[in-house]
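What follows is the content of structure24.cif (mmCIF, C-alpha atoms).
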data_work
#
loop_
_atom_site.label_atom_id
_atom_site.label_comp_id
_atom_site.auth_asym_id
_atom_site.auth_seq_id
_atom_site.Cartn_x
_atom_site.Cartn_y
_atom_site.Cartn_z
CA SER A 743 11.46 20.34 -1.22
CA PHE A 744 7.76 20.13 -1.93
CA TYR A 745 7.97 21.91 -5.28
CA GLY A 746 10.84 19.80 -6.60
CA ALA A 747 9.24 16.55 -5.50
CA MET A 748 5.92 17.33 -7.16
CA ARG A 749 7.33 18.63 -10.44
CA ILE A 750 8.01 15.06 -11.58
CA LEU A 751 4.27 14.24 -11.62
CA ASP A 752 2.19 14.31 -14.79
CA ARG A 753 0.23 17.51 -15.32
CA PRO A 754 -3.18 16.51 -13.86
CA ARG A 755 -1.59 15.13 -10.69
CA ARG A 756 0.82 18.05 -10.43
CA GLU A 757 -2.00 20.58 -10.75
CA ALA A 758 -4.01 18.66 -8.14
CA ILE A 759 -1.09 18.68 -5.71
CA PHE A 760 -0.53 22.41 -6.16
CA ALA A 761 -4.24 23.00 -5.51
CA ILE A 762 -3.81 21.09 -2.23
CA TYR A 763 -0.77 23.22 -1.46
CA ALA A 764 -2.71 26.43 -2.13
CA PHE A 765 -5.46 25.28 0.24
CA CYS A 766 -2.98 24.40 3.00
CA ARG A 767 -1.10 27.68 2.54
CA ALA A 768 -4.29 29.73 2.74
CA VAL A 769 -5.52 27.99 5.88
CA ASP A 770 -2.08 28.21 7.51
CA ASP A 771 -1.94 31.94 6.78
CA VAL A 772 -5.18 32.40 8.71
CA ALA A 773 -3.81 30.55 11.73
CA ASP A 774 -0.54 32.51 11.68
CA ASP A 775 -1.97 35.98 11.12
CA VAL A 776 -1.09 37.78 14.35
CA ASP A 777 -2.64 41.00 13.10
CA ILE A 778 -6.20 39.75 13.54
CA ALA A 779 -8.05 38.82 16.72
CA ASN A 780 -8.57 35.22 17.77
CA ASP A 781 -12.31 35.38 17.12
CA GLU A 782 -11.69 36.64 13.59
CA ARG A 783 -9.21 33.82 12.92
CA ALA A 784 -11.80 31.34 14.19
CA ALA A 785 -14.46 32.88 11.94
CA ARG A 786 -12.20 32.60 8.89
CA LEU A 787 -11.41 28.97 9.65
CA ASP A 788 -15.13 28.28 10.03
CA GLN A 789 -15.62 29.85 6.61
CA TRP A 790 -13.06 27.40 5.22
CA ARG A 791 -15.08 24.55 6.73
CA ARG A 792 -18.16 25.88 4.94
CA ASP A 793 -16.17 26.24 1.73
CA ILE A 794 -15.09 22.60 1.93
CA ALA A 795 -18.68 21.54 2.61
CA ASP A 796 -19.75 23.48 -0.50
CA LEU A 797 -16.95 21.84 -2.49
CA PHE A 798 -18.15 18.35 -1.61
CA ALA A 799 -21.75 19.37 -2.26
CA GLY A 800 -20.72 20.24 -5.81
CA ASN A 801 -20.84 24.01 -5.34
CA PRO A 802 -17.25 25.27 -4.89
CA SER A 803 -17.44 28.95 -4.04
CA SER A 804 -13.82 30.22 -4.04
CA VAL A 805 -10.87 30.21 -6.42
CA ILE A 806 -9.08 27.54 -4.38
CA THR A 807 -12.05 25.24 -3.91
CA ARG A 808 -12.89 25.52 -7.61
CA SER A 809 -9.33 24.36 -8.36
CA LEU A 810 -9.95 21.39 -6.05
CA ALA A 811 -13.20 20.30 -7.68
CA ASP A 812 -11.66 18.10 -10.38
CA PRO A 813 -9.05 16.52 -8.04
CA VAL A 814 -11.76 15.63 -5.51
CA THR A 815 -13.64 13.74 -8.20
CA SER A 816 -10.68 12.34 -10.15
CA PHE A 817 -8.62 11.12 -7.20
CA GLY A 818 -11.23 10.38 -4.55
CA LEU A 819 -10.04 12.98 -2.05
CA ARG A 820 -11.74 12.73 1.33
CA HIS A 821 -13.74 15.46 3.05
CA ASP A 822 -12.45 14.45 6.49
CA ASP A 823 -8.82 15.02 5.48
CA PHE A 824 -9.51 18.61 4.45
CA ILE A 825 -11.32 19.21 7.72
CA ALA A 826 -8.44 17.65 9.66
CA VAL A 827 -6.05 20.17 8.11
CA ILE A 828 -8.33 23.04 9.14
CA ASP A 829 -8.65 21.59 12.65
CA GLY A 830 -4.86 21.41 12.90
CA MET A 831 -4.54 25.06 11.98
CA GLN A 832 -7.28 25.77 14.53
CA MET A 833 -4.97 24.33 17.19
CA ASP A 834 -2.37 26.97 16.31
CA ALA A 835 -4.98 29.72 16.03
CA ASP A 836 -6.29 28.87 19.51
CA GLY A 837 -2.76 28.78 20.91
CA PRO A 838 0.01 29.46 21.13
CA ILE A 839 0.76 25.78 21.64
CA VAL A 840 3.24 25.42 24.50
CA ALA A 841 4.61 22.05 25.67
CA PRO A 842 1.67 19.92 24.50
CA PRO A 843 1.17 16.47 26.05
CA VAL A 844 2.32 13.69 23.73
CA GLU A 845 -1.20 12.78 22.67
CA VAL A 846 -1.92 16.40 21.70
CA LEU A 847 1.33 16.63 19.74
CA GLU A 848 0.48 13.39 17.92
CA LEU A 849 -2.97 14.75 17.05
CA TYR A 850 -1.39 17.97 15.81
CA CYS A 851 1.08 16.08 13.61
CA ASP A 852 -1.72 13.96 12.18
CA ARG A 853 -3.82 17.00 11.32
CA VAL A 854 -1.22 19.36 9.89
CA ALA A 855 1.02 16.78 8.20
CA SER A 856 -0.37 13.24 7.90
CA ALA A 857 -3.77 14.50 6.71
CA VAL A 858 -2.01 16.38 3.91
CA GLY A 859 -0.15 13.17 3.15
CA ARG A 860 -3.43 11.25 2.93
CA LEU A 861 -4.64 13.70 0.30
CA CYS A 862 -1.34 13.45 -1.57
CA VAL A 863 -1.14 9.65 -1.71
CA CYS A 864 -4.59 9.55 -3.29
CA ILE A 865 -3.29 11.83 -6.01
CA PHE A 866 -0.11 9.78 -6.39
CA GLY A 867 -2.27 6.70 -7.02
CA GLU A 868 -1.75 4.83 -3.73
CA PRO A 869 -4.99 5.44 -1.79
CA GLY A 870 -5.00 2.05 -0.05
CA SER A 871 -3.79 0.98 3.37
CA GLN A 872 -0.08 1.05 2.51
CA GLY A 873 -0.30 4.52 1.02
CA ILE A 874 -2.19 5.69 4.10
CA ALA A 875 0.55 4.14 6.26
CA VAL A 876 3.17 6.13 4.35
CA ALA A 877 1.13 9.29 4.90
CA ARG A 878 0.88 8.61 8.63
CA HIS A 879 4.54 7.82 9.27
CA LEU A 880 6.11 10.22 6.79
CA GLY A 881 3.85 13.08 7.82
CA ARG A 882 4.83 12.55 11.45
CA ALA A 883 8.53 12.31 10.55
CA LEU A 884 8.44 15.51 8.51
CA GLN A 885 6.56 17.44 11.17
CA LEU A 886 8.86 16.31 13.98
CA THR A 887 11.86 17.29 11.86
CA ASN A 888 10.35 20.72 11.30
CA ILE A 889 9.72 21.09 15.02
CA LEU A 890 13.31 20.14 15.84
CA ARG A 891 14.63 22.57 13.24
CA ASP A 892 12.43 25.48 14.33
CA VAL A 893 12.55 25.42 18.14
CA ASP A 894 14.21 28.84 18.27
CA GLU A 895 11.96 30.39 15.61
CA ASP A 896 8.83 29.04 17.29
CA ALA A 897 9.95 30.23 20.71
CA ARG A 898 10.26 33.78 19.39
CA ILE A 899 6.51 33.80 18.71
CA GLY A 900 5.64 32.12 21.99
CA ARG A 901 5.26 28.56 20.67
CA LEU A 902 6.89 25.36 21.94
CA TYR A 903 6.00 22.06 20.30
CA LEU A 904 8.37 19.90 22.37
CA PRO A 905 6.23 17.42 24.35
CA ARG A 906 5.57 18.11 28.00
CA GLU A 907 6.60 14.61 29.05
CA LEU A 908 10.11 15.04 27.61
CA LEU A 909 10.49 18.48 29.16
CA ASP A 910 9.45 17.11 32.54
CA LYS A 911 11.77 14.11 32.14
CA HIS A 912 14.74 16.43 31.56
CA HIS A 913 13.60 18.87 34.28
CA ILE A 914 13.20 21.79 31.86
CA ALA A 915 10.64 24.44 32.77
CA TYR A 916 8.53 25.55 29.82
CA ALA A 917 6.49 28.54 30.99
CA ASP A 918 8.84 30.70 28.93
CA PRO A 919 9.63 29.02 25.57
CA MET A 920 12.70 31.25 25.13
CA ALA A 921 14.24 29.74 28.27
CA VAL A 922 14.18 26.15 26.98
CA MET A 923 17.11 26.15 24.55
CA PRO A 924 19.64 27.69 26.98
CA HIS A 925 18.91 24.92 29.51
CA PRO A 926 21.88 22.52 29.86
CA ALA A 927 19.61 19.48 29.40
CA TYR A 928 18.14 20.77 26.13
CA PRO A 929 20.55 18.91 23.78
CA ALA A 930 19.73 15.59 25.45
CA LEU A 931 16.00 16.25 25.09
CA TRP A 932 16.50 17.33 21.47
CA HIS A 933 18.37 14.14 20.60
CA GLU A 934 15.76 11.96 22.29
CA MET A 935 13.05 13.52 20.15
CA ALA A 936 15.27 13.28 17.06
CA VAL A 937 15.53 9.52 17.59
CA GLN A 938 11.72 9.39 17.54
CA ALA A 939 11.67 11.33 14.27
CA ASP A 940 14.25 8.99 12.74
CA ALA A 941 12.18 5.97 13.79
CA ALA A 942 9.20 7.52 12.00
CA PHE A 943 11.32 7.78 8.85
CA GLU A 944 12.16 4.07 9.25
CA ASP A 945 8.45 3.26 9.49
CA ALA A 946 7.77 5.34 6.38
CA GLU A 947 10.54 3.52 4.50
CA ALA A 948 9.02 0.18 5.46
CA ALA A 949 5.55 1.23 4.30
CA LEU A 950 6.96 2.56 1.01
CA LYS A 951 8.34 -0.88 0.16
CA SER A 952 4.77 -2.15 -0.20
CA CYS A 953 3.79 0.67 -2.57
CA ASP A 954 4.33 1.18 -6.29
CA ARG A 955 7.77 2.74 -6.51
CA ARG A 956 7.07 5.01 -9.46
CA LYS A 957 3.78 6.29 -8.10
CA MET A 958 5.38 7.19 -4.78
CA ARG A 959 8.49 8.91 -6.12
CA PRO A 960 7.45 12.31 -4.72
CA ALA A 961 7.11 10.80 -1.24
CA ARG A 962 10.56 9.23 -1.57
CA ILE A 963 12.06 12.60 -2.55
CA MET A 964 10.49 14.32 0.46
CA LEU A 965 11.68 11.53 2.72
CA GLU A 966 15.25 11.70 1.48
CA VAL A 967 15.54 15.48 1.72
CA TYR A 968 14.07 15.69 5.21
CA ARG A 969 15.92 12.68 6.54
CA ARG A 970 19.22 14.11 5.34
CA ASN A 971 18.36 17.30 7.18
CA LEU A 972 17.57 15.38 10.36
CA ILE A 973 20.80 13.36 10.19
CA ARG A 974 22.86 16.52 9.68
CA MET A 975 21.19 18.22 12.62
CA MET A 976 21.75 15.14 14.78
CA ALA A 977 25.49 15.37 13.99
CA LEU A 978 25.75 18.89 15.42
CA SER A 979 27.49 19.58 18.70
CA ASP A 980 25.49 20.47 21.80
CA ASP A 981 26.67 24.07 21.47
CA ASP A 982 25.44 24.26 17.89
CA LEU A 983 22.05 22.85 18.87
CA ALA A 984 21.68 25.47 21.58
CA ASN A 985 22.67 28.27 19.17
CA PRO A 986 21.21 27.09 15.89
CA ASP A 987 22.11 28.39 12.47
CA PHE A 988 20.99 25.49 10.33
CA SER A 989 20.72 27.37 7.04
CA LYS A 990 24.19 26.44 5.77
CA ARG A 991 24.02 22.84 7.00
CA LEU A 992 20.76 21.62 5.51
CA VAL A 993 20.03 20.33 2.03
CA GLY A 994 20.35 23.20 -0.43
CA LYS A 995 18.70 23.90 -3.76
CA ALA A 996 21.30 22.14 -5.92
CA GLU A 997 21.24 19.02 -3.75
CA LYS A 998 17.43 18.96 -3.81
CA ILE A 999 17.50 19.09 -7.60
CA MET A 1000 19.94 16.17 -7.74
CA ILE A 1001 17.75 14.11 -5.41
CA ALA A 1002 14.65 14.87 -7.47
CA LEU A 1003 16.41 14.07 -10.75
CA ARG A 1004 17.70 10.75 -9.44
CA HIS A 1005 14.22 9.63 -8.42
CA ALA A 1006 12.67 11.04 -11.59
CA ILE A 1007 14.63 8.59 -13.77
CA LEU A 1008 14.13 5.50 -11.60
#

How does the structure come out when it is put into structure tokens?
Amino acid sequence: SFYGAMRILDRPRREAIFAIYAFCRAVDDVADDVDIANDERAARLDQWRRDIADLFAGNPSSVITRSLADPVTSFGLRHDDFIAVIDGMQMDADGPIVAPPVEVLELYCDRVASAVGRLCVCIFGEPGSQGIAVARHLGRALQLTNILRDVDEDARIGRLYLPRELLDKHHIAYADPMAVMPHPAYPALWHEMAVQADAAFEDAEAALKSCDRRKMRPARIMLEVYRRNLIRMMALSDDDLANPDFSKRLVGKAEKIMIALRHAIL
């Protein structure tokens, strides 16, 4: 979804976006590397913080930060957004995250998704308040959709991003993440959170209306792909939600290409 959406950009913006992607991928890999100790993961994330400080001091010291040097200058990328991404990955590295309170989940979504969006909208050419609003709402919508899609996958590595308040409301114990999906109240909880994700898509749509349509085409592509996925998941039966195999139900490669092409010619 990301690759297809960004391919429609002109070369300087496309290369800037892929430099952002490389940074996010590298930091995420540190947080998810189960083969290294927690203190080593923390040390590597601290090194990324130093690398970003060097980048903004005009002395990029790694392949990735050197690729970010021109975008930082050309598009006014913000130091705090890079640090927010690292801090979000730190939350996973310090984890596993299990049943976070709502305010912690919101902070996590802002750091790992909306902060990336804030970097992206600067590159798209919408760095003002409306572009930032799109980043906030769309980032949250995308992250919640990912969480809803990956409950089973996350549980297998000891993670559970469903908010504690919803789990308590539906009387679902969460000490063992693998025990959440088999609970009879899980589909009701899932749908309640899905409604929140869909509302975030609505907020993103509203913010997009105040932005330059052509500049924000990549954001519109991401929104459409992910929202289609959410709607299709919301249409599943309770049994299917409790025993997920979403791979054949979600937007596939050909459909993604059609969505990207339609927005590319608008």

(message) Can you spell out as an MDAnalysis selection string the set of residues that the PyMOL selection byres ((chain A and resi 884) around 10) selects in the structure I just provided?
(response) chainID A and resid 851 855:856 879:883 885:890 939:940 942:943 964:965 967:969 972

(message) One decimal, in Å: what's the spacing between CA of Gly867 (chain A) and CA of Lys957 (chain A)?
(response)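 Interatomic distance here is 6.2 Å.
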
(request) Tell me, as a PyMOL selection string, which residues lie within 7 Å of region 784-794 of chain A, counting all atoms listed in the file; anything in the same chain fewer than 4 positions away does not count. (result) chain A and resi 780+798+802-803+825+828

(request) Any chance you could resolve the PyMOL selection byres ((chain A and resi 819) around 10) against this file and give the residues as number ranges by chain? (result) A: 798, 810-818, 820-824, 860-865, 869

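A straight line drawn from CA of Ala927 (chain A) to CA of Asn971 (chain A) is 22.4 Å long.
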
(request) Report the distance between CA of Pro843 (chain A) and CA of Arg783 (chain A) in Å, rounded to one decimal place. (result)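 About the pair CA of Pro843 (chain A) and CA of Arg783 (chain A): they are 24.1 Å apart.
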
May I have a table of the residues of region 769-877 of chain A lying at most 9 Å from region 907-910 of chain A, giving each one's closest pair of atoms and their distance in Å to one decimal, counting only C-alpha atoms, ordered by chain and ascending residue number, as a Markdown table?
| residue | atom | partner | partner_atom | distance |
| --- | --- | --- | --- | --- |
| A:Ala841 | CA | A:Leu909 | CA | 7.7 |
| A:Pro842 | CA | A:Glu907 | CA | 8.6 |
| A:Pro843 | CA | A:Glu907 | CA | 6.5 |
| A:Val844 | CA | A:Glu907 | CA | 6.9 |

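Across A:Asp829, A:Asp896, A:Asp980, A:Asp945, the tightest approach to Trp932 (chain A) is made by A:Asp980 when counting all atoms listed in the file.
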
Generate all heavy atoms for region 856-867 of chain A and emit them as an mmCIF file, in the coordinates of the input.
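Okay, result_16.cif is ready:
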data_model
loop_
_atom_site.group_PDB
_atom_site.id
_atom_site.type_symbol
_atom_site.label_atom_id
_atom_site.label_comp_id
_atom_site.auth_asym_id
_atom_site.auth_seq_id
_atom_site.Cartn_x
_atom_site.Cartn_y
_atom_site.Cartn_z
ATOM 1 N N SER A 856 0.084 14.532 8.434
ATOM 2 C CA SER A 856 -0.370 13.240 7.900
ATOM 3 C C SER A 856 -1.650 13.386 7.091
ATOM 4 O O SER A 856 -1.836 12.679 6.089
ATOM 5 C CB SER A 856 -0.568 12.244 9.044
ATOM 6 O OG SER A 856 0.664 11.983 9.706
ATOM 7 N N ALA A 857 -2.538 14.299 7.485
ATOM 8 C CA ALA A 857 -3.770 14.500 6.710
ATOM 9 C C ALA A 857 -3.443 15.024 5.316
ATOM 10 O O ALA A 857 -4.070 14.621 4.324
ATOM 11 C CB ALA A 857 -4.705 15.471 7.431
ATOM 12 N N VAL A 858 -2.459 15.910 5.229
ATOM 13 C CA VAL A 858 -2.010 16.380 3.910
ATOM 14 C C VAL A 858 -1.442 15.208 3.124
ATOM 15 O O VAL A 858 -1.696 15.061 1.928
ATOM 16 C CB VAL A 858 -0.954 17.492 4.064
ATOM 17 C CG1 VAL A 858 -0.485 17.971 2.689
ATOM 18 C CG2 VAL A 858 -1.512 18.656 4.874
ATOM 19 N N GLY A 859 -0.681 14.353 3.808
ATOM 20 C CA GLY A 859 -0.150 13.170 3.150
ATOM 21 C C GLY A 859 -1.241 12.244 2.630
ATOM 22 O O GLY A 859 -1.117 11.665 1.550
ATOM 23 N N ARG A 860 -2.327 12.115 3.384
ATOM 24 C CA ARG A 860 -3.430 11.250 2.930
ATOM 25 C C ARG A 860 -4.051 11.801 1.645
ATOM 26 O O ARG A 860 -4.444 11.036 0.756
ATOM 27 C CB ARG A 860 -4.477 11.119 4.037
ATOM 28 C CG ARG A 860 -3.985 10.301 5.236
ATOM 29 C CD ARG A 860 -5.106 9.921 6.168
ATOM 30 N NE ARG A 860 -5.675 11.032 6.905
ATOM 31 C CZ ARG A 860 -5.224 11.483 8.076
ATOM 32 N NH1 ARG A 860 -4.167 10.930 8.634
ATOM 33 N NH2 ARG A 860 -5.845 12.494 8.697
ATOM 34 N N LEU A 861 -4.162 13.108 1.542
ATOM 35 C CA LEU A 861 -4.640 13.700 0.300
ATOM 36 C C LEU A 861 -3.655 13.448 -0.843
ATOM 37 O O LEU A 861 -4.051 13.098 -1.957
ATOM 38 C CB LEU A 861 -4.851 15.210 0.488
ATOM 39 C CG LEU A 861 -5.977 15.626 1.446
ATOM 40 C CD1 LEU A 861 -5.879 17.108 1.771
ATOM 41 C CD2 LEU A 861 -7.345 15.307 0.863
ATOM 42 N N CYS A 862 -2.372 13.600 -0.530
ATOM 43 C CA CYS A 862 -1.340 13.450 -1.570
ATOM 44 C C CYS A 862 -1.264 12.022 -2.101
ATOM 45 O O CYS A 862 -1.151 11.817 -3.311
ATOM 46 C CB CYS A 862 0.014 13.876 -1.028
ATOM 47 S SG CYS A 862 0.183 15.673 -0.768
ATOM 48 N N VAL A 863 -1.306 11.019 -1.213
ATOM 49 C CA VAL A 863 -1.140 9.650 -1.710
ATOM 50 C C VAL A 863 -2.309 9.235 -2.597
ATOM 51 O O VAL A 863 -2.138 8.402 -3.497
ATOM 52 C CB VAL A 863 -0.921 8.632 -0.562
ATOM 53 C CG1 VAL A 863 0.372 8.935 0.184
ATOM 54 C CG2 VAL A 863 -2.110 8.575 0.386
ATOM 55 N N CYS A 864 -3.474 9.810 -2.366
ATOM 56 C CA CYS A 864 -4.590 9.550 -3.290
ATOM 57 C C CYS A 864 -4.259 10.075 -4.671
ATOM 58 O O CYS A 864 -4.529 9.419 -5.685
ATOM 59 C CB CYS A 864 -5.866 10.202 -2.763
ATOM 60 S SG CYS A 864 -6.565 9.417 -1.291
ATOM 61 N N ILE A 865 -3.663 11.246 -4.730
ATOM 62 C CA ILE A 865 -3.290 11.830 -6.010
ATOM 63 C C ILE A 865 -2.145 11.052 -6.652
ATOM 64 O O ILE A 865 -2.120 10.848 -7.873
ATOM 65 C CB ILE A 865 -2.921 13.312 -5.824
ATOM 66 C CG1 ILE A 865 -4.160 14.101 -5.380
ATOM 67 C CG2 ILE A 865 -2.338 13.901 -7.110
ATOM 68 C CD1 ILE A 865 -3.871 15.523 -4.938
ATOM 69 N N PHE A 866 -1.207 10.576 -5.845
ATOM 70 C CA PHE A 866 -0.110 9.780 -6.390
ATOM 71 C C PHE A 866 -0.605 8.473 -7.006
ATOM 72 O O PHE A 866 0.035 7.909 -7.882
ATOM 73 C CB PHE A 866 0.903 9.433 -5.298
ATOM 74 C CG PHE A 866 1.592 10.615 -4.665
ATOM 75 C CD1 PHE A 866 2.205 10.483 -3.423
ATOM 76 C CD2 PHE A 866 1.631 11.843 -5.297
ATOM 77 C CE1 PHE A 866 2.851 11.554 -2.831
ATOM 78 C CE2 PHE A 866 2.269 12.932 -4.701
ATOM 79 C CZ PHE A 866 2.874 12.783 -3.469
ATOM 80 N N GLY A 867 -1.737 7.967 -6.526
ATOM 81 C CA GLY A 867 -2.270 6.700 -7.020
ATOM 82 C C GLY A 867 -2.118 5.553 -6.055
ATOM 83 O O GLY A 867 -2.252 4.389 -6.445
#
